[in-house]
4 protein chains.
Amino acid sequence: MEMNLGITERLKPILDKVTALMHDEVLNADVEFHKEVGTTGNRWSMTARQQEILETLQSKAKEQGLWNFWLTDSDKGYGLSTVEYAHLAEQMGWCVLGPQVFNCAAPDTGNMEVLERYGTAEHKEKWLEPLLQSHIRSAYLMTEPDVASSDATNLKFSAVLDGDDYVLNGEKYWSSGAGDERCKVYILMAKTAGDEAPRHSRHSMFVVPAETKGIEVLRPMMVFGHDDAPHGHMHIHFNNVRIPKSALLLGEGRGFEVSQGRLGPGRIHHCMRAIGQAERALQLMCQRGMNRTAFGKPLVKLGGNYDVIANCRIEIEQARLLCLKAAWMMDQGDMSAATPYISQIKVVAPNMALKVIDEAIQMFGGTGVSQDTPLADMYMQMRTLRFADGPDSVHRMQVARKELAQYR
Amino acid sequence: MEMNLGITERLKPILDKVTALMHDEVLNADVEFHKEVGTTGNRWSMTARQQEILETLQSKAKEQGLWNFWLTDSDKGYGLSTVEYAHLAEQMGWCVLGPQVFNCAAPDTGNMEVLERYGTAEHKEKWLEPLLQSHIRSAYLMTEPDVASSDATNLKFSAVLDGDDYVLNGEKYWSSGAGDERCKVYILMAKTAGDEAPRHSRHSMFVVPAETKGIEVLRPMMVFGHDDAPHGHMHIHFNNVRIPKSALLLGEGRGFEVSQGRLGPGRIHHCMRAIGQAERALQLMCQRGMNRTAFGKPLVKLGGNYDVIANCRIEIEQARLLCLKAAWMMDQGDMSAATPYISQIKVVAPNMALKVIDEAIQMFGGTGVSQDTPLADMYMQMRTLRFADGPDSVHRMQVARKELAQYR
Amino acid sequence: MEMNLGITERLKPILDKVTALMHDEVLNADVEFHKEVGTTGNRWSMTARQQEILETLQSKAKEQGLWNFWLTDSDKGYGLSTVEYAHLAEQMGWCVLGPQVFNCAAPDTGNMEVLERYGTAEHKEKWLEPLLQSHIRSAYLMTEPDVASSDATNLKFSAVLDGDDYVLNGEKYWSSGAGDERCKVYILMAKTAGDEAPRHSRHSMFVVPAETKGIEVLRPMMVFGHDDAPHGHMHIHFNNVRIPKSALLLGEGRGFEVSQGRLGPGRIHHCMRAIGQAERALQLMCQRGMNRTAFGKPLVKLGGNYDVIANCRIEIEQARLLCLKAAWMMDQGDMSAATPYISQIKVVAPNMALKVIDEAIQMFGGTGVSQDTPLADMYMQMRTLRFADGPDSVHRMQVARKELAQYR
Amino acid sequence: MEMNLGITERLKPILDKVTALMHDEVLNADVEFHKEVGTTGNRWSMTARQQEILETLQSKAKEQGLWNFWLTDSDKGYGLSTVEYAHLAEQMGWCVLGPQVFNCAAPDTGNMEVLERYGTAEHKEKWLEPLLQSHIRSAYLMTEPDVASSDATNLKFSAVLDGDDYVLNGEKYWSSGAGDERCKVYILMAKTAGDEAPRHSRHSMFVVPAETKGIEVLRPMMVFGHDDAPHGHMHIHFNNVRIPKSALLLGEGRGFEVSQGRLGPGRIHHCMRAIGQAERALQLMCQRGMNRTAFGKPLVKLGGNYDVIANCRIEIEQARLLCLKAAWMMDQGDMSAATPYISQIKVVAPNMALKVIDEAIQMFGGTGVSQDTPLADMYMQMRTLRFADGPDSVHRMQVARKELAQYR
């Protein structure tokens, strides 16, 4: 069977435009954007300059039709394949602002996908449309502080039907993007049945307006001491929050069905961007190694640096190919066949990127962990990806199970 | 650009037949074949039973037209692409006998390629034709005992023109396949110019009949104490060996040109087979882990074995994709663009296979290093591949140079 | 020869007291102390509560005579051996506040050692005495922004004699501890000779009051986005800063002599504390793994976690022994014999600690990188230690040179 | 508490003599000894020259009183501590013949220890005395082909009391040393109770003369294709083998008690020798790297070789210290406290040695796996040590259990 992992004819011009915009403008804009954070005293609302930066870039993207690529299987989007999207996502992933410029940022893409697939007409009008325009942003509320959320059947945040409303109680944290004042809607998993129900039918998925009464954002979760403002990974408390029945997606007990549909693409999108991060780190590493001199030689000529660079290149290349293959498997339409490949790349991509970034840091010395390079931020982003959407160990377990199944 | 790494329509039926023959017959035959070695007292000539095994299998292959796949770019062959060949070579690589059954074994394929490209009509008639029929075998004489052959410009074996003959003097070792009594012809690199010539123009390539006077096979080089009979990696002494001028390929000083043409495909063919070795090791590991019990559980359920299995699967998958990409690069026809990818996979494939085989050995315990599994033999084959056709470090150096070139 | 790496009779009661104070009070106090940072608006001056915390603990330490242990070879101190100090430093190293409580914190200890060995009577009275009392703090100004400081002969910050004064010009950064308002004195390396002088005789060491005119602290260098306040790793600009001739230590051109005397102990002290950090991370990892449940089991029983824990224990144990041996080598009085061992542990300790901390983070999931555990801070501290006082590669080079010297 | 891991006064002259004999004579003799194997047609009996080599060296050792050092806790021996023995064993471990020269070879030392502790007067006279003189050799029969012997409670070889005799039936393999014609006695574990007995009380230990009727040596187990003659790791079949009741050691059901007493020292002795192997490999690697030239430089100056050498030195140093600490723990007399340290070093030592040997092989290229260096043999010895006396995973499990026990 054909397994074309290359850049198709239709993708080529799009990819060239995205790459050009990223390198010509977005990378520098990203630096300025993040320096602005908190200059007005409020770290969670964008400054005027930040708005200007973002809007200018988004306009340039929209003008060229570079928007909402992630809608791979919809007539609202480009109809790109997942493989094609992977090539784009890698380029957009070079910096944090990148995916926002093209309205392809997490967690919005996953949330939009949920709304598109499972939302009511009302959900679509009220939330999906403004999200598709990047007028608002969204968050996905899954992880909870008191349980090992890697086993999602542990989740205990409760939703109880009371008349025509569900009443929500509990805590969620690591709700990424919920810090941003533009974040207006949550997709939230809650437990709707007791332990008498089958393990994977106890939970349901809801659409919850962020400004509903009883919702309190307690604090940002810090990542290596950083609040990741204005995005933020928030700790949120729900105290008797009432939402209408119509907020329920798909039906009671079908939360895992929704989350699986959401997490597959979400995971691989993170991985595609991780490859972009690694490419950027390798570029920085090589440039530093060529331009800095010690003991009378450029750093690249010292010790094992050639080996370091070669190994980074080799690992990036392999990870990219695996990511593309996982994307291709998704494009074949059999999600259960694709899942182990997504698990594989979910293990590989962040670990590979961390290794490359860490080597780049070492080439820079102190500068590598400082504010003078993007490497420390990149490291923090990638480090969390080793447990976001499932820790390495859970994904390895999935891969091993699949492997062993053929010998049973 | 299209980059189809999958199994094409025309390849599918061929691959299915090769895979079937391998699993139905060749794997078992390989065990019997190697147990026969030395039973007649001479380890270097095949026993009657060995001949029978090999001829039977070769007949079955030929009958189905499964023969000389490696001739990817010739009208004598299938006209397969290198990518297509890679899929076949992986399957044939599951055991040592595999490639011989389909006349796709090293070093013959590389030598046939040299003869096809650079040989005279006489060379073709005398050596290429019987090689294409597997009536004889061949060896490639490059490595020398006294110099670091990883830097091939060090080679000092000499060829001096004397009248109409070249006179050869010196020693070669690790001449793989030269042990086999069927080996009738050598492709040999010799130094034909002094140090006043440019480094890469001092050497020339020759076609040398194995039975020429003055050639003495001194001993087999052992690999972990094993002579690899009847193949053998021989240490050979040349004492005033006279060969006619016509034995020279391409021209004096063009030895590296010939060897580069030979080594590119040779290297990647080894890597394709290494992936087959790794797949086999993973299969053996899983089967053992499912069927053996300790502490009341199957071994796979103990300790980190799920992680081990998942990591092996992930590394194999990545290596295969990188190998296919390198093959695809070769198919694009720009050898200098393809070379760094060949270097990459040349580092990855044997190291990956060694890791998988080593984990399989550990799952088996003592049995893993014993004659009761093929794992120890596989380990030895793969271990030598980390320096055969260039050590890891030289290939990493090539990859790093290419990476850094873009920043100069 | 005796090589006693254990806990001596005289050390035992001291070590018990230090350990008790650390676990009973300092660990908790450290959390409170760091939460106070910046609550008054100024991140670089201690709050009243911070002062209270630190003074209370220091008083308790002093009352029990637990003070200035690092003075291993002086009659002002305990006269402990470096091995004995290593056992103490490991315990004090469990948290950032620990070493300060016992006045054994970097960079003060190294600076005090410099002042004690090479300072004039005036230096001792003015700077050493208050440092010994922890009334002031100090910084060590070596690294510069524009050169690869791993090769310290590159340093170009200049000191020019002008009449009875030296005039200092240039920039220093990563000046650890210079953020703290209590920091009153710098030990600073400057270039005093041109390139006509031998490479290692071009630099000199000076004692510089922090409040001298012309010194401007430009900014804190961030570590993974964190300013490490109130300690701080500052970027400092010197503009025609005049200091008297008497500020010169040992003599012109002898800067490397001073820095070698300072860096040996400084490096190993960092390593001793790194082992404490690793022990703490392993404790946190085990506790989390025992107390958290997923898939119906405590986390420690899942996947390869037993292997992870065993490997951490094994690596800590080995690193501790190597650290103790390096300390013992120092105690034998032959610094050139001890140096390769210090290089060895300087490579091992931070890398080992990073590995253990990283595994602990993974066991905690998101909580591991958040403000709810000390792990992220620990990671940041240890990560910088891979280039502070020389990057891994320089230390490996030293070890290899020593190894190869015996075969020359 | 004192923890002296150095070389004591009394050890110094002994160690010097052992080291001198090893380097002056044994290393070369070992090469000649192993080349002789099989030259008479029988690989399992020593040739006259082999006998001469061994006897000459043993005489030299005995003359200098360098004999039976392993008897650490007996008045028949030196009364050395385990730490002192570790220093000696490292030196003796540089080659296979080394330990035999000083009558400190496995499995004899472990078997002698069993006979010394648990044997009857008759056992001592008949077997221990000639073993102490190296007049005969012995084997330890534990591992069985049909069960996962890493969990020794699986062992099913049976011993049934019939009148005054035990009748033995079953198979043993990997019986190291049982190939040698000098091997006259086996220490053998057999199952004497059914599954109604507690798991660790079902097995018993016996003393069995090798020439008893019904014992058939089926074949040598090969290690990477090598039979390790004349030592051999034999597969042995027992068919109604009758031995008297008095052959039972300690009592029925106490087999594990005996084996634990035997395995502790046995394991650490292997580790001590592994460190010697690693030191030898590092020496060979450095010598090769200094003396061989490629690309115009000695190999050590190419690529990451300095890092490779430094890392090997660092790992050896750490492993040695851990081995010495485990030995010191044993010397403290609390075997249950010492056990986790023995497990730690049992994981570390062979893995470390394999890594160093593998890097040395890579530095040598093809020569590294050939008969022209001892590296391939060393690799094979060390590779089996990763499951001999318990696989890595079982030892890691022990270490983790001990670690976690403190948090229960």
# chains A, B, ... in the order shown; residues from 1 in each chain; ligands from 1
$ residues_around --residues "region 200-207 of chain A" --least-positions-apart "3" --cutoff "7 Å" --atoms "only C-alpha atoms" --output "compact mmCIF listing (two decimals) with N, CA and C atoms, in the first residue's frame"
# COMPACT_ATOMS: atom_id res chain seq x y z
N THR A 153 -9.91 6.59 35.05
CA THR A 153 -11.10 6.06 35.74
C THR A 153 -11.09 6.46 37.21
N TYR A 186 -15.11 25.80 28.83
CA TYR A 186 -14.38 24.61 29.23
C TYR A 186 -15.05 23.35 28.66
N ILE A 187 -14.26 22.42 28.23
CA ILE A 187 -14.74 21.05 28.04
C ILE A 187 -14.29 20.28 29.27
N LEU A 188 -15.25 19.65 29.97
CA LEU A 188 -14.94 19.13 31.31
C LEU A 188 -15.46 17.71 31.49
N MET A 189 -14.61 16.87 32.06
CA MET A 189 -15.04 15.50 32.35
C MET A 189 -15.46 15.40 33.82
N ALA A 190 -16.63 14.77 34.05
CA ALA A 190 -17.12 14.60 35.41
C ALA A 190 -17.69 13.20 35.59
N LYS A 191 -17.70 12.78 36.83
CA LYS A 191 -18.23 11.46 37.15
C LYS A 191 -19.74 11.58 37.34
N THR A 192 -20.50 10.78 36.59
CA THR A 192 -21.96 10.86 36.66
C THR A 192 -22.57 9.56 37.17
N ALA A 193 -21.75 8.55 37.37
CA ALA A 193 -22.30 7.29 37.87
C ALA A 193 -21.38 6.76 38.96
N GLY A 194 -21.92 5.91 39.80
CA GLY A 194 -21.17 5.35 40.92
C GLY A 194 -20.34 4.16 40.48
N ALA A 197 -21.35 1.10 38.11
CA ALA A 197 -21.28 1.14 36.64
C ALA A 197 -19.92 0.62 36.17
N ALA A 247 -25.80 20.81 28.29
CA ALA A 247 -24.33 20.92 28.31
C ALA A 247 -23.67 19.56 28.14
N LEU A 248 -24.43 18.50 28.32
CA LEU A 248 -23.88 17.15 28.21
C LEU A 248 -23.60 16.77 26.75
N LEU A 249 -22.42 16.24 26.50
CA LEU A 249 -22.05 15.82 25.14
C LEU A 249 -22.27 14.32 24.98
N GLU A 252 -24.76 10.44 28.88
CA GLU A 252 -24.12 10.07 30.16
C GLU A 252 -23.30 8.80 30.00
N GLY A 253 -22.16 8.78 30.64
CA GLY A 253 -21.32 7.59 30.63
C GLY A 253 -20.45 7.48 29.38
N ARG A 254 -20.55 8.45 28.51
CA ARG A 254 -19.78 8.36 27.26
C ARG A 254 -18.58 9.32 27.23
N GLY A 255 -18.17 9.72 28.43
CA GLY A 255 -17.05 10.66 28.53
C GLY A 255 -15.76 10.12 27.91
N PHE A 256 -15.50 8.83 28.13
CA PHE A 256 -14.25 8.29 27.58
C PHE A 256 -14.27 8.23 26.06
$ closest_atom_pairs --of "chain D" --to "chain B" --cutoff "6 Å" --atoms "only C-alpha atoms" --output "tab-separated table"
residue	atom	partner	partner_atom	distance
D:Ala148	CA	B:Ala294	CA	5.8
D:Asp151	CA	B:Ala294	CA	5.5
D:Met221	CA	B:Ser370	CA	5.8
D:Met222	CA	B:Ser370	CA	4.7
D:Val223	CA	B:Ser370	CA	5.1
D:Phe224	CA	B:Ala376	CA	4.9
D:Ala294	CA	B:Asp151	CA	5.5
D:Gly365	CA	B:Phe387	CA	5.8
D:Val369	CA	B:Val223	CA	5.2
D:Ser370	CA	B:Met222	CA	4.7
D:Gln371	CA	B:Met222	CA	5.6
D:Ala376	CA	B:Phe224	CA	4.9
D:Phe387	CA	B:Gly365	CA	5.8
$ closest_residue --among "D:Leu54, D:Ile357, D:Tyr341, D:Arg182" --to "Met329 (chain D)" --atoms "only C-alpha atoms"
D:Tyr341
$ atom_distance --atom1 "CA of Val258 (chain B)" --atom2 "CA of Asp331 (chain B)"
18.9 Å
$ select_by_dssp --residues "region 88-305 of chain D" --states "alpha helix (DSSP H)" --output "ChimeraX atom specification"
/D:88-92,97-101,108-118,121-123,129-132,255-291,305
$ closest_residue --among "B:Asn42, B:Gln332, B:Ser246, B:Thr339" --to "Glu122 (chain B)" --atoms "only C-alpha atoms"
B:Ser246
$ closest_residue --among "B:Leu322, B:Val167, B:Ile275, B:Met285" --to "Lys245 (chain B)" --atoms "only C-alpha atoms"
B:Val167
$ residues_around --residues "Ile215 (chain B)" --least-positions-apart "3" --cutoff "9 Å" --atoms "only C-alpha atoms" --output "list of chain:residue names"
B:Ala210, B:Glu211, B:Thr212, B:Ile236, B:His237, B:Phe238, B:Asn239, B:Asn240, B:Val241
$ write_last_selection --atoms "C-alpha atoms" --output "mmCIF file, in the first residue's frame"
data_model
loop_
_atom_site.group_PDB
_atom_site.id
_atom_site.type_symbol
_atom_site.label_atom_id
_atom_site.label_comp_id
_atom_site.auth_asym_id
_atom_site.auth_seq_id
_atom_site.Cartn_x
_atom_site.Cartn_y
_atom_site.Cartn_z
ATOM 1 C CA ALA B 210 40.954 -16.553 -5.934
ATOM 2 C CA GLU B 211 43.107 -19.361 -7.207
ATOM 3 C CA THR B 212 45.935 -17.214 -8.538
ATOM 4 C CA ILE B 236 45.045 -13.613 3.282
ATOM 5 C CA HIS B 237 48.627 -13.117 2.247
ATOM 6 C CA PHE B 238 49.675 -12.077 -1.284
ATOM 7 C CA ASN B 239 53.230 -12.828 -2.324
ATOM 8 C CA ASN B 240 54.156 -11.504 -5.782
ATOM 9 C CA VAL B 241 50.751 -12.349 -7.185
#
$ residues_around --residues "Asp165 (chain C)" --least-positions-apart "2" --cutoff "8 Å" --atoms "only C-alpha atoms" --output "NGL selection string"
:C and (161-163 or 167 or 242-245)
$ residues_around --residues "Gln283 (chain D)" --least-positions-apart "2" --cutoff "10 Å" --atoms "only C-alpha atoms" --output "number ranges by chain"
C: 403-404, 406-407; D: 277-281, 285-289, 309, 360
$ decode --residues "region 320-337 of chain B" --atoms "C-alpha atoms" --output "PDB file, in the first residue's frame"
ATOM      1  CA  ARG B 320      12.878   0.779   9.724  1.00  0.00           C
ATOM      2  CA  LEU B 321      11.453   4.144   8.726  1.00  0.00           C
ATOM      3  CA  LEU B 322      14.896   5.720   8.655  1.00  0.00           C
ATOM      4  CA  CYS B 323      16.184   2.845   6.548  1.00  0.00           C
ATOM      5  CA  LEU B 324      13.294   3.257   4.123  1.00  0.00           C
ATOM      6  CA  LYS B 325      13.900   6.971   3.918  1.00  0.00           C
ATOM      7  CA  ALA B 326      17.596   6.434   3.180  1.00  0.00           C
ATOM      8  CA  ALA B 327      16.571   3.945   0.482  1.00  0.00           C
ATOM      9  CA  TRP B 328      14.135   6.484  -0.923  1.00  0.00           C
ATOM     10  CA  MET B 329      16.846   9.120  -0.995  1.00  0.00           C
ATOM     11  CA  MET B 330      19.009   6.730  -3.007  1.00  0.00           C
ATOM     12  CA  ASP B 331      16.109   6.198  -5.387  1.00  0.00           C
ATOM     13  CA  GLN B 332      16.022   9.946  -6.051  1.00  0.00           C
ATOM     14  CA  GLY B 333      19.360   9.574  -7.783  1.00  0.00           C
ATOM     15  CA  ASP B 334      21.427  12.162  -5.913  1.00  0.00           C
ATOM     16  CA  MET B 335      23.978  10.048  -4.106  1.00  0.00           C
ATOM     17  CA  SER B 336      25.571  12.956  -2.268  1.00  0.00           C
ATOM     18  CA  ALA B 337      22.206  13.906  -0.798  1.00  0.00           C
TER      19      ALA B 337
END
